[in-house]
>>> print(open('run.txt').read())   # compact mmCIF, C-alpha atoms
# COMPACT_ATOMS: atom_id res chain seq x y z
CA MET Y 1 0.00 0.00 0.00
CA LYS Y 2 2.81 2.41 0.89
CA LEU Y 3 4.68 1.54 -2.33
CA ALA Y 4 1.62 2.30 -4.46
CA SER Y 5 1.16 5.68 -2.76
CA ALA Y 6 4.83 6.64 -3.39
CA LEU Y 7 4.65 5.73 -7.07
CA SER Y 8 1.46 7.76 -7.48
CA PHE Y 9 3.15 10.85 -5.92
CA LEU Y 10 6.20 10.53 -8.13
CA PHE Y 11 4.09 10.24 -11.25
CA ALA Y 12 2.06 13.31 -10.34
CA THR Y 13 5.18 15.36 -9.72
CA SER Y 14 6.74 14.39 -13.07
CA VAL Y 15 3.60 15.34 -14.99
CA ALA Y 16 3.50 18.70 -13.25
CA GLY Y 17 7.06 19.40 -14.25
CA PHE Y 18 6.22 19.09 -17.99
CA SER Y 19 2.75 20.69 -17.91
CA PRO Y 20 2.27 24.26 -19.29
CA VAL Y 21 3.12 27.07 -16.88
CA PRO Y 22 0.04 28.97 -15.75
CA ALA Y 23 -0.17 32.68 -16.52
CA GLY Y 24 1.52 34.97 -13.98
CA ARG Y 25 4.11 32.39 -12.90
CA THR Y 26 7.83 32.24 -13.77
CA THR Y 27 10.35 29.48 -13.61
CA THR Y 28 14.10 28.98 -14.18
CA GLN Y 29 14.57 27.84 -17.74
CA ILE Y 30 18.01 26.30 -17.73
CA TRP Y 31 17.12 24.12 -20.68
CA GLN Y 32 16.44 26.99 -23.09
CA ASN Y 33 20.18 27.85 -23.65
CA ALA Y 34 22.71 25.08 -23.44
CA ASN Y 35 25.65 27.59 -23.17
CA GLN Y 36 24.19 29.66 -20.35
CA ASN Y 37 26.21 29.64 -17.09
CA PRO Y 38 23.93 29.60 -14.06
CA PHE Y 39 26.81 31.15 -11.94
CA GLY Y 40 27.26 34.26 -14.11
CA ASN Y 41 29.07 35.21 -17.29
CA THR Y 42 32.61 34.52 -15.92
CA ALA Y 43 34.31 31.21 -16.51
CA SER Y 44 33.55 29.18 -13.43
CA LEU Y 45 37.12 27.82 -12.98
CA GLU Y 46 38.95 31.17 -13.29
CA TYR Y 47 40.11 32.70 -9.96
CA THR Y 48 39.16 36.39 -9.74
CA GLY Y 49 40.46 37.22 -6.29
CA GLY Y 50 38.49 38.34 -3.31
CA SER Y 51 38.74 39.97 0.08
CA ASP Y 52 40.91 37.24 1.66
CA PRO Y 53 44.14 38.90 3.01
CA ASN Y 54 46.09 35.79 1.94
CA ASN Y 55 45.25 36.29 -1.74
CA LYS Y 56 48.87 37.15 -2.53
CA ASN Y 57 49.84 33.59 -1.56
CA TYR Y 58 47.65 32.17 -4.30
CA GLY Y 59 48.54 31.94 -7.97
CA LYS Y 60 48.24 29.94 -11.07
CA LEU Y 61 49.69 26.47 -10.98
CA ALA Y 62 51.78 27.10 -14.11
CA GLU Y 63 53.35 30.19 -12.56
CA LYS Y 64 54.18 28.38 -9.33
CA LEU Y 65 55.76 25.51 -11.22
CA ASN Y 66 57.82 27.95 -13.30
CA GLU Y 67 59.07 29.74 -10.17
CA ALA Y 68 60.01 26.43 -8.59
CA ASP Y 69 61.89 25.46 -11.73
CA ILE Y 70 63.85 28.75 -11.71
CA GLU Y 71 64.76 28.30 -8.04
CA ARG Y 72 65.86 24.73 -8.70
CA ARG Y 73 68.10 25.90 -11.55
CA LYS Y 74 69.66 28.60 -9.33
CA ILE Y 75 70.46 26.03 -6.65
CA GLN Y 76 71.94 23.71 -9.24
CA GLU Y 77 74.06 26.50 -10.78
CA GLU Y 78 75.34 27.53 -7.32
CA ALA Y 79 76.28 23.95 -6.56
CA GLU Y 80 78.10 23.68 -9.89
CA ARG Y 81 79.91 26.98 -9.20
CA ARG Y 82 81.10 25.75 -5.81
CA GLU Y 83 82.23 22.48 -7.36
CA ARG Y 84 84.21 24.32 -10.05
CA ALA Y 85 85.81 26.58 -7.43
CA ALA Y 86 86.77 23.55 -5.35
CA GLU Y 87 88.24 21.87 -8.43
CA ILE Y 88 90.28 25.00 -9.23
CA ARG Y 89 91.61 25.09 -5.67
CA ARG Y 90 92.55 21.42 -5.89
CA GLU Y 91 94.39 21.99 -9.16
CA GLU Y 92 96.22 25.01 -7.74
CA ARG Y 93 97.13 23.01 -4.66
CA LEU Y 94 98.48 20.13 -6.73
CA ALA Y 95 100.41 22.55 -8.95
CA LYS Y 96 101.90 24.20 -5.87
CA ILE Y 97 102.91 20.85 -4.38
CA GLN Y 98 104.56 19.91 -7.66
CA TYR Y 99 106.32 23.29 -7.76
CA MET Y 100 107.60 22.86 -4.21
CA ASN Y 101 108.76 19.30 -4.93
CA ASP Y 102 110.64 20.42 -8.03
CA MET Y 103 112.25 23.39 -6.23
CA PRO Y 104 115.84 22.66 -5.21
CA ASP Y 105 116.78 23.30 -1.60
CA SER Y 106 119.41 25.72 -2.82
CA GLN Y 107 116.82 27.97 -4.50
CA PRO Y 108 117.80 31.56 -3.54
CA ALA Y 109 115.07 33.56 -1.80
CA GLY Y 110 117.04 36.77 -1.41
CA THR Y 111 118.92 38.09 1.57
CA VAL Y 112 117.33 39.21 4.82
CA ASP Y 113 119.06 42.57 4.54
CA GLU Y 114 117.54 43.04 1.09
CA PHE Y 115 114.05 42.65 2.50
CA MET Y 116 114.84 44.70 5.60
CA PHE Y 117 116.09 47.71 3.63
CA LYS Y 118 113.91 47.39 0.52
CA GLU Y 119 110.70 47.28 2.54
CA GLY Y 120 111.83 50.07 4.87
CA VAL Y 121 111.74 47.90 7.99
CA GLN Y 122 115.32 48.66 8.95
CA ASP Y 123 114.61 52.37 8.66
CA GLN Y 124 111.76 52.07 11.15
CA LEU Y 125 113.92 50.07 13.57
CA ASP Y 126 116.65 52.70 13.33
CA LYS Y 127 114.10 55.41 14.13
CA LEU Y 128 112.93 53.38 17.11
CA ASP Y 129 116.52 53.29 18.40
CA GLU Y 130 116.78 57.06 17.95
CA ASP Y 131 113.43 57.85 19.54
CA LEU Y 132 113.71 55.53 22.54
CA VAL Y 133 116.54 55.60 25.03
CA GLY Y 134 117.18 52.31 26.78
CA LEU Y 135 114.32 49.76 26.73
CA VAL Y 136 116.63 47.11 25.31
CA ALA Y 137 114.16 44.29 25.98
CA VAL Y 138 111.34 46.21 24.29
CA LYS Y 139 113.42 46.94 21.19
CA GLN Y 140 114.50 43.32 21.03
CA ARG Y 141 110.89 42.16 21.12
CA VAL Y 142 109.98 44.56 18.31
CA LYS Y 143 112.90 43.27 16.24
CA GLU Y 144 111.74 39.69 16.82
CA ILE Y 145 108.28 40.54 15.50
CA ALA Y 146 109.85 42.31 12.52
CA ALA Y 147 112.02 39.24 11.84
CA LEU Y 148 108.91 37.03 11.75
CA LEU Y 149 107.23 39.35 9.26
CA VAL Y 150 110.32 39.54 7.02
CA LEU Y 151 110.86 35.77 6.93
CA ASP Y 152 107.15 35.22 6.37
CA LYS Y 153 107.30 37.48 3.32
CA MET Y 154 110.32 35.60 2.01
CA ARG Y 155 108.37 32.34 2.34
CA ARG Y 156 105.46 33.83 0.42
CA LYS Y 157 107.82 34.87 -2.36
CA LEU Y 158 108.82 31.22 -2.85
CA GLY Y 159 105.26 29.94 -2.59
CA PHE Y 160 105.26 28.45 0.91
CA GLU Y 161 102.05 28.36 2.89
CA THR Y 162 101.74 31.37 5.18
CA SER Y 163 99.17 32.75 7.56
CA VAL Y 164 98.76 36.10 9.23
CA PRO Y 165 100.38 35.80 12.68
CA SER Y 166 98.61 37.10 15.74
CA LEU Y 167 99.80 40.70 15.89
CA HIS Y 168 97.54 41.94 18.69
CA MET Y 169 99.66 43.34 21.52
CA SER Y 170 99.66 44.14 25.20
CA PHE Y 171 101.87 46.96 26.49
CA THR Y 172 102.33 47.07 30.25
CA GLY Y 173 104.24 49.68 32.20
CA ALA Y 174 104.06 53.03 33.94
CA PRO Y 175 103.15 56.25 32.09
CA GLY Y 176 105.85 57.82 29.95
CA THR Y 177 107.76 54.60 29.21
CA GLY Y 178 107.32 54.77 25.42
CA LYS Y 179 104.25 52.60 24.81
CA THR Y 180 102.63 54.99 22.33
CA THR Y 181 105.94 55.52 20.50
CA VAL Y 182 106.41 51.78 20.07
CA ALA Y 183 102.81 51.43 18.85
CA VAL Y 184 103.44 54.08 16.19
CA ARG Y 185 106.62 52.38 15.00
CA MET Y 186 104.93 48.97 14.93
CA GLY Y 187 102.09 50.38 12.84
CA GLN Y 188 104.58 51.73 10.32
CA ILE Y 189 106.50 48.44 10.22
CA LEU Y 190 103.26 46.52 9.58
CA ALA Y 191 102.38 48.92 6.77
CA LYS Y 192 105.83 48.53 5.18
CA MET Y 193 105.51 44.74 5.25
CA GLY Y 194 101.98 44.72 3.83
CA TYR Y 195 100.23 43.61 7.03
CA ALA Y 196 98.40 46.92 7.42
CA ARG Y 197 96.90 49.11 4.71
CA ARG Y 198 97.68 52.44 6.36
CA GLY Y 199 99.78 51.81 9.47
CA HIS Y 200 98.31 54.70 11.45
CA VAL Y 201 97.61 54.57 15.20
CA VAL Y 202 94.29 55.56 16.79
CA LEU Y 203 94.46 56.15 20.55
CA ALA Y 204 91.28 55.35 22.50
CA THR Y 205 90.21 55.36 26.14
CA ARG Y 206 87.04 54.24 27.90
CA ASP Y 207 85.37 57.58 27.15
CA ASP Y 208 85.93 56.98 23.42
CA LEU Y 209 84.47 53.47 23.48
CA VAL Y 210 81.78 53.28 26.16
CA GLY Y 211 78.49 55.18 26.12
CA GLN Y 212 76.44 56.61 28.95
CA TYR Y 213 73.12 54.96 28.19
CA VAL Y 214 71.61 51.87 26.54
CA GLY Y 215 72.35 51.66 22.82
CA HIS Y 216 75.14 54.24 22.93
CA THR Y 217 78.18 51.98 23.42
CA ALA Y 218 78.03 49.90 20.23
CA PRO Y 219 78.01 52.91 17.83
CA LYS Y 220 80.89 54.59 19.71
CA THR Y 221 83.04 51.46 19.73
CA LYS Y 222 82.34 50.68 16.07
CA GLU Y 223 83.18 54.26 15.09
CA MET Y 224 86.60 54.03 16.75
CA ILE Y 225 87.21 50.65 15.12
CA LYS Y 226 86.27 52.12 11.74
CA LYS Y 227 88.80 54.93 12.23
CA ALA Y 228 91.54 52.42 13.13
CA MET Y 229 90.90 49.93 10.29
CA GLY Y 230 94.07 49.35 8.32
CA GLY Y 231 96.24 50.32 11.28
CA VAL Y 232 96.56 49.99 15.06
CA LEU Y 233 93.90 50.68 17.70
CA LEU Y 234 95.70 51.47 20.97
CA VAL Y 235 93.36 51.22 23.96
CA ASP Y 236 95.07 53.04 26.83
CA GLU Y 237 94.25 51.91 30.38
CA ALA Y 238 92.10 49.13 28.95
CA TYR Y 239 91.19 47.80 32.41
CA TYR Y 240 88.74 50.69 32.83
CA LEU Y 241 86.55 49.04 30.19
CA TYR Y 242 85.53 46.39 32.72
CA ASN Y 243 83.85 47.16 36.02
CA ALA Y 244 83.79 44.02 38.17
CA ALA Y 245 81.55 45.70 40.74
CA ASN Y 246 78.76 46.35 38.21
CA ASP Y 247 77.68 43.50 35.94
CA ARG Y 248 75.41 45.91 34.05
CA ASP Y 249 78.25 48.25 33.12
CA TYR Y 250 78.22 49.18 29.43
CA GLY Y 251 81.94 48.49 29.08
CA GLN Y 252 81.24 44.76 28.73
CA GLU Y 253 79.46 45.44 25.43
CA SER Y 254 82.49 47.31 24.12
CA ILE Y 255 84.78 44.44 25.12
CA GLU Y 256 82.60 41.92 23.29
CA ILE Y 257 82.73 44.01 20.10
CA LEU Y 258 86.52 44.32 20.38
CA LEU Y 259 86.91 40.56 20.89
CA ASN Y 260 84.82 39.86 17.80
CA VAL Y 261 86.86 42.28 15.68
CA MET Y 262 90.16 40.90 17.00
CA GLU Y 263 89.09 37.42 15.89
CA ASN Y 264 87.45 38.19 12.54
CA ASN Y 265 89.42 41.22 11.30
CA GLN Y 266 92.94 40.43 12.48
CA ASP Y 267 94.23 40.77 8.91
CA ASP Y 268 93.17 44.43 8.76
CA LEU Y 269 93.37 45.70 12.35
CA VAL Y 270 95.86 45.30 15.17
CA VAL Y 271 94.49 45.95 18.66
CA ALA Y 272 96.98 46.95 21.35
CA VAL Y 273 95.89 47.32 24.97
CA ALA Y 274 98.04 49.24 27.43
CA GLY Y 275 98.19 50.04 31.14
CA TYR Y 276 99.84 49.29 34.46
CA LYS Y 277 101.03 45.67 34.62
CA ASP Y 278 99.23 44.66 37.84
CA ARG Y 279 95.92 46.12 36.66
CA MET Y 280 96.29 44.58 33.20
CA ASP Y 281 96.94 41.17 34.74
CA LYS Y 282 93.75 41.51 36.77
CA PHE Y 283 91.86 42.67 33.67
CA PHE Y 284 93.00 39.59 31.72
CA SER Y 285 91.85 37.36 34.58
CA TYR Y 286 88.34 38.78 34.17
CA ILE Y 287 88.43 38.62 30.35
CA PRO Y 288 90.33 35.44 29.39
CA GLY Y 289 89.15 35.79 25.80
CA MET Y 290 91.20 38.97 25.50
CA MET Y 291 94.30 37.28 26.87
CA SER Y 292 94.04 34.37 24.43
CA ARG Y 293 93.74 36.67 21.41
CA ILE Y 294 96.91 38.63 22.19
CA GLY Y 295 100.11 37.03 20.95
CA ASN Y 296 102.64 39.69 21.90
CA HIS Y 297 103.04 40.86 25.50
CA ILE Y 298 105.66 43.58 25.98
CA ASP Y 299 106.56 44.99 29.38
CA PHE Y 300 108.01 48.51 29.56
CA PRO Y 301 110.23 49.03 32.64
CA ASN Y 302 110.78 52.38 34.31
CA TYR Y 303 113.74 54.44 33.12
CA SER Y 304 116.81 54.95 35.25
CA ALA Y 305 118.02 58.47 36.11
CA ASP Y 306 120.86 58.25 33.58
CA GLU Y 307 118.43 57.15 30.84
CA LEU Y 308 116.12 60.05 31.66
CA VAL Y 309 119.06 62.45 31.32
CA LYS Y 310 119.71 61.00 27.85
CA ILE Y 311 116.03 61.46 26.99
CA ALA Y 312 116.35 65.12 27.91
CA GLY Y 313 119.28 65.35 25.52
CA VAL Y 314 117.18 63.76 22.72
CA MET Y 315 114.34 66.23 23.35
CA ALA Y 316 116.79 69.15 23.30
CA ARG Y 317 118.27 67.90 20.04
CA ASP Y 318 114.86 67.61 18.40
CA LEU Y 319 113.96 71.15 19.56
CA GLU Y 320 117.38 72.48 18.50
CA TYR Y 321 118.51 73.48 21.99
CA ASP Y 322 121.96 73.07 23.49
CA ILE Y 323 122.21 71.86 27.10
CA THR Y 324 125.52 72.66 28.76
CA PRO Y 325 127.42 69.87 30.58
CA GLU Y 326 126.82 71.63 33.91
CA ALA Y 327 123.10 71.77 33.11
CA PHE Y 328 122.98 67.98 32.64
CA VAL Y 329 124.43 67.53 36.13
CA THR Y 330 121.80 69.81 37.64
CA PHE Y 331 119.04 68.13 35.66
CA LYS Y 332 120.07 64.68 36.94
CA LYS Y 333 119.91 66.01 40.50
CA TYR Y 334 116.36 67.25 39.81
CA ILE Y 335 115.32 63.90 38.33
CA GLU Y 336 116.65 61.92 41.29
CA LEU Y 337 114.64 64.13 43.64
CA ARG Y 338 111.51 63.96 41.47
CA MET Y 339 111.62 60.16 41.18
CA ASP Y 340 111.01 59.88 44.93
CA LEU Y 341 107.83 61.97 44.73
CA PRO Y 342 104.34 60.77 43.75
CA TYR Y 343 102.97 60.89 40.19
CA PHE Y 344 106.35 60.48 38.56
CA SER Y 345 105.82 59.70 34.85
CA ASN Y 346 109.22 58.91 33.38
CA ALA Y 347 109.65 60.60 29.98
CA ARG Y 348 106.53 62.75 30.48
CA THR Y 349 108.10 64.22 33.60
CA VAL Y 350 111.25 64.91 31.57
CA ARG Y 351 109.18 66.64 28.90
CA ASN Y 352 107.49 68.84 31.50
CA ALA Y 353 110.89 69.67 33.03
CA MET Y 354 112.28 70.57 29.60
CA ASP Y 355 109.32 72.87 28.97
CA ARG Y 356 109.94 74.64 32.28
CA ALA Y 357 113.69 74.91 31.57
CA ARG Y 358 112.96 76.45 28.15
CA MET Y 359 110.64 78.94 29.81
CA ASN Y 360 113.28 79.78 32.42
CA SER Y 361 115.84 80.27 29.63
CA ALA Y 362 113.45 82.57 27.77
CA ILE Y 363 112.78 84.63 30.91
CA ARG Y 364 116.51 84.90 31.60
CA THR Y 365 117.31 85.97 28.05
CA PHE Y 366 114.44 88.45 27.95
CA GLU Y 367 115.57 89.96 31.26
CA ARG Y 368 119.15 90.43 30.02
CA TYR Y 369 118.48 91.88 26.60
CA ALA Y 370 115.04 93.45 26.77
CA ILE Y 371 114.95 94.78 30.32
CA GLN Y 372 118.61 95.43 31.11
CA GLY Y 373 119.54 96.26 27.50
CA GLU Y 374 122.67 94.13 27.50
CA ASN Y 375 124.62 94.16 24.21
CA GLY Y 376 122.36 96.88 22.95
CA GLY Y 377 119.44 94.49 22.97
CA PHE Y 378 120.96 92.23 20.31
CA VAL Y 379 120.51 88.53 21.01
CA THR Y 380 122.90 85.92 19.61
CA VAL Y 381 122.03 82.51 18.20
CA ASP Y 382 123.80 80.89 21.12
CA ASP Y 383 121.58 82.78 23.55
CA LEU Y 384 118.46 81.48 21.78
CA LYS Y 385 119.67 77.88 21.87
CA ASN Y 386 121.28 77.74 25.32
CA ILE Y 387 119.81 75.98 28.36
CA SER Y 388 122.08 76.47 31.35
CA ALA Y 389 122.39 74.94 34.80
CA GLU Y 390 120.51 77.84 36.42
CA ASP Y 391 117.46 77.02 34.27
CA PHE Y 392 117.27 73.58 35.90
CA GLN Y 393 118.35 74.82 39.34
CA ILE Y 394 115.03 76.62 39.65
CA LEU Y 395 113.29 73.23 39.40
CA VAL Y 396 115.56 71.76 42.08
CA ASP Y 397 114.87 74.69 44.40
CA ASP Y 398 111.12 74.26 43.92
CA ILE Y 399 111.35 70.73 45.31
CA VAL Y 400 113.80 71.49 48.12
CA ASN Y 401 112.11 74.65 49.35
CA ALA Y 402 108.46 73.79 48.74
CA ASP Y 403 106.09 72.50 51.41
CA ALA Y 404 105.70 68.73 51.46
CA SER Y 405 102.12 68.98 50.17
CA LYS Y 406 103.24 70.99 47.12
CA ARG Y 407 106.30 69.02 46.09
CA ILE Y 408 104.30 66.67 43.88
CA PHE Y 409 103.66 69.61 41.54
CA SER Y 410 107.32 70.49 41.11
>>> encode(input="run.txt", output="structure tokens")
Amino acid sequence: MKLASALSFLFATSVAGFSPVPAGRTTTQIWQNANQNPFGNTASLEYTGGSDPNNKNYGKLAEKLNEADIERRKIQEEAERRERAAEIRREERLAKIQYMNDMPDSQPAGTVDEFMFKEGVQDQLDKLDEDLVGLVAVKQRVKEIAALLVLDKMRRKLGFETSVPSLHMSFTGAPGTGKTTVAVRMGQILAKMGYARRGHVVLATRDDLVGQYVGHTAPKTKEMIKKAMGGVLLVDEAYYLYNAANDRDYGQESIEILLNVMENNQDDLVVAVAGYKDRMDKFFSYIPGMMSRIGNHIDFPNYSADELVKIAGVMARDLEYDITPEAFVTFKKYIELRMDLPYFSNARTVRNAMDRARMNSAIRTFERYAIQGENGGFVTVDDLKNISAEDFQILVDDIVNADASKRIFS
């Protein structure tokens, strides 16, 4: 009974679908035009975009396949380039080995003197001897470094394997012992031998490297490094970069930048740190990475009184003054007294004493010829060049006669 009812309903529905449409009624006539698209006039499979923010990630399949093919070709070409470069290096290596095997042991490489004079290294060492009195151990260490550079260049000339030696340095000693002078000479030697593009020296302290607020230290340190590239960066009193009492001190950031540059740019920058030996030793104990990157440690001892007298003579020569023999005796007496007082600074103290002696000489000469009218006011060349014992005696009297609290300024 139920089956008969269902068939009757289906039959009635089918007849109604094909019966004429009564007036006033409409219907969808999809059968009237076989080419009509019920979803609009646009091809149904063509993507036209939309409001989805990820639309830019979509694209045609052909375009995506083409992009993938281009990327695959780039990767393949890069791999082939690396393989060709490796093959070239292997061939050069084999050719070099063959060249070295065929080279007789008696092959001349030139004389050491030829390289020393031709490259100007000997000239710089001679200037170091002229500029620095004493410091035999320091000069010997500089000559040892120069010898390494010269022999390394001779090896390169014959084709031997070479590598840039660790040229970073540590200078320890009291003020006025010649650390900056040695740094300047080393920079010029490195430039002569081709280990530095310019060979200049940039002097920096904590104030030049460390900022006062967050984000200020890195730009300051990098700016100083940029100035020193191709030469020597001399960090004076380097231990002030690290403050053990404050783990948030900005100096640590500067140290990290310096360590990175010392490791990655050692072929274009030599970093030299300087300061008192005991404080530098403590600084290295806090920053072992700095210690391990420095291959040359040079200690500068204090000058003796006789050496300081010779330094005064060198300064007088450079300034075209003549110091009388009696004046040297008086100057040595002054130096011996001054060495027992605080804040003695070796050659810097000598320079200050020479400046005061020159002033005393000028006052004495002015008094004689301008005030007293001696010799009709005419001054001789000897008068303009002379530094006498009385010019240094004034310095001695200042120490002997001054109060104990004021002697340190003499």
>>> residues_near_point(input="run.txt", point="(125.1, 67.8, 36.9)", cutoff="12 Å", atoms="only C-alpha atoms", output="list in words")
Ala305, Asp306, Val309, Ile323, Thr324, Pro325, Glu326, Ala327, Phe328, Val329, Thr330, Phe331, Lys332, Lys333, Tyr334, Ile335, Glu336, Ser388, Ala389, Glu390, Phe392, Gln393 and Val396 of chain Y
>>> write_last_selection(input="run.txt", atoms="C-alpha atoms", output="mmCIF file, in the coordinates of the input")
data_model
loop_
_atom_site.group_PDB
_atom_site.id
_atom_site.type_symbol
_atom_site.label_atom_id
_atom_site.label_comp_id
_atom_site.auth_asym_id
_atom_site.auth_seq_id
_atom_site.Cartn_x
_atom_site.Cartn_y
_atom_site.Cartn_z
ATOM 1 C CA ALA Y 305 118.020 58.470 36.110
ATOM 2 C CA ASP Y 306 120.860 58.250 33.580
ATOM 3 C CA VAL Y 309 119.060 62.450 31.320
ATOM 4 C CA ILE Y 323 122.210 71.860 27.100
ATOM 5 C CA THR Y 324 125.520 72.660 28.760
ATOM 6 C CA PRO Y 325 127.420 69.870 30.580
ATOM 7 C CA GLU Y 326 126.820 71.630 33.910
ATOM 8 C CA ALA Y 327 123.100 71.770 33.110
ATOM 9 C CA PHE Y 328 122.980 67.980 32.640
ATOM 10 C CA VAL Y 329 124.430 67.530 36.130
ATOM 11 C CA THR Y 330 121.800 69.810 37.640
ATOM 12 C CA PHE Y 331 119.040 68.130 35.660
ATOM 13 C CA LYS Y 332 120.070 64.680 36.940
ATOM 14 C CA LYS Y 333 119.910 66.010 40.500
ATOM 15 C CA TYR Y 334 116.360 67.250 39.810
ATOM 16 C CA ILE Y 335 115.320 63.900 38.330
ATOM 17 C CA GLU Y 336 116.650 61.920 41.290
ATOM 18 C CA SER Y 388 122.080 76.470 31.350
ATOM 19 C CA ALA Y 389 122.390 74.940 34.800
ATOM 20 C CA GLU Y 390 120.510 77.840 36.420
ATOM 21 C CA PHE Y 392 117.270 73.580 35.900
ATOM 22 C CA GLN Y 393 118.350 74.820 39.340
ATOM 23 C CA VAL Y 396 115.560 71.760 42.080
#
>>> closest_residue(input="run.txt", among="Y:Glu256, Y:Asp281, Y:Asp69, Y:Asp322", to="Met354 (chain Y)", atoms="only C-alpha atoms")
Y:Asp322
>>> closest_residue(input="run.txt", among="Y:Leu233, Y:Ile70, Y:Met359, Y:Val133", to="Ser304 (chain Y)", atoms="all atoms listed in the file")
Y:Val133
>>> atom_distance(input="run.txt", atom1="CA of Ile145 (chain Y)", atom2="CA of Ser163 (chain Y)")
14.4 Å
>>> residues_near_point(input="run.txt", point="(116.7, 54.0, 27.9)", cutoff="10 Å", atoms="all atoms listed in the file", output="list of chain:residue names")
Y:Asp129, Y:Asp131, Y:Leu132, Y:Val133, Y:Gly134, Y:Leu135, Y:Val136, Y:Thr177, Y:Gly178, Y:Pro301, Y:Asn302, Y:Tyr303, Y:Ser304, Y:Ala305, Y:Asp306, Y:Glu307, Y:Leu308, Y:Val309, Y:Lys310, Y:Ile311, Y:Ala347
>>> atom_distance(input="run.txt", atom1="CA of Asp208 (chain Y)", atom2="CA of Lys226 (chain Y)")
12.7 Å
>>> atom_distance(input="run.txt", atom1="CA of Met315 (chain Y)", atom2="CA of Glu237 (chain Y)")
25.7 Å
>>> closest_residue(input="run.txt", among="Y:Ser170, Y:Thr205, Y:Gln188, Y:Thr181", to="Ala272 (chain Y)", atoms="only C-alpha atoms")
Y:Ser170
>>> closest_residue(input="run.txt", among="Y:Tyr286, Y:Ile225, Y:Gln212, Y:Asp278", to="Asp247 (chain Y)", atoms="all atoms listed in the file")
Y:Tyr286
>>> residues_around(input="run.txt", residues="Ile257 (chain Y)", least_positions_apart="4", cutoff="10 Å", atoms="all atoms listed in the file", output="number ranges by chain")
Y: 217-218, 221-222, 225, 252-253, 261-262
>>> closest_residue(input="run.txt", among="Y:Ser254, Y:Asn264, Y:Thr172, Y:Asn246", to="Asp207 (chain Y)", atoms="only C-alpha atoms")
Y:Ser254
>>> residues_around(input="run.txt", residues="Ala191 (chain Y)", least_positions_apart="5", cutoff="12 Å", atoms="only C-alpha atoms", output="list in words")
Glu119, Gly120, Val121, Gln124, Ala146, Leu149, Val184, Arg185, Met186, Ala196, Arg197, Arg198, Gly199, His200, Val201, Gly230, Gly231, Val232, Asp267, Asp268, Leu269 and Val270 of chain Y
>>> closest_residue(input="run.txt", among="Y:Asp123, Y:Asn352, Y:Glu320, Y:Ala228", to="Val381 (chain Y)", atoms="only C-alpha atoms")
Y:Glu320
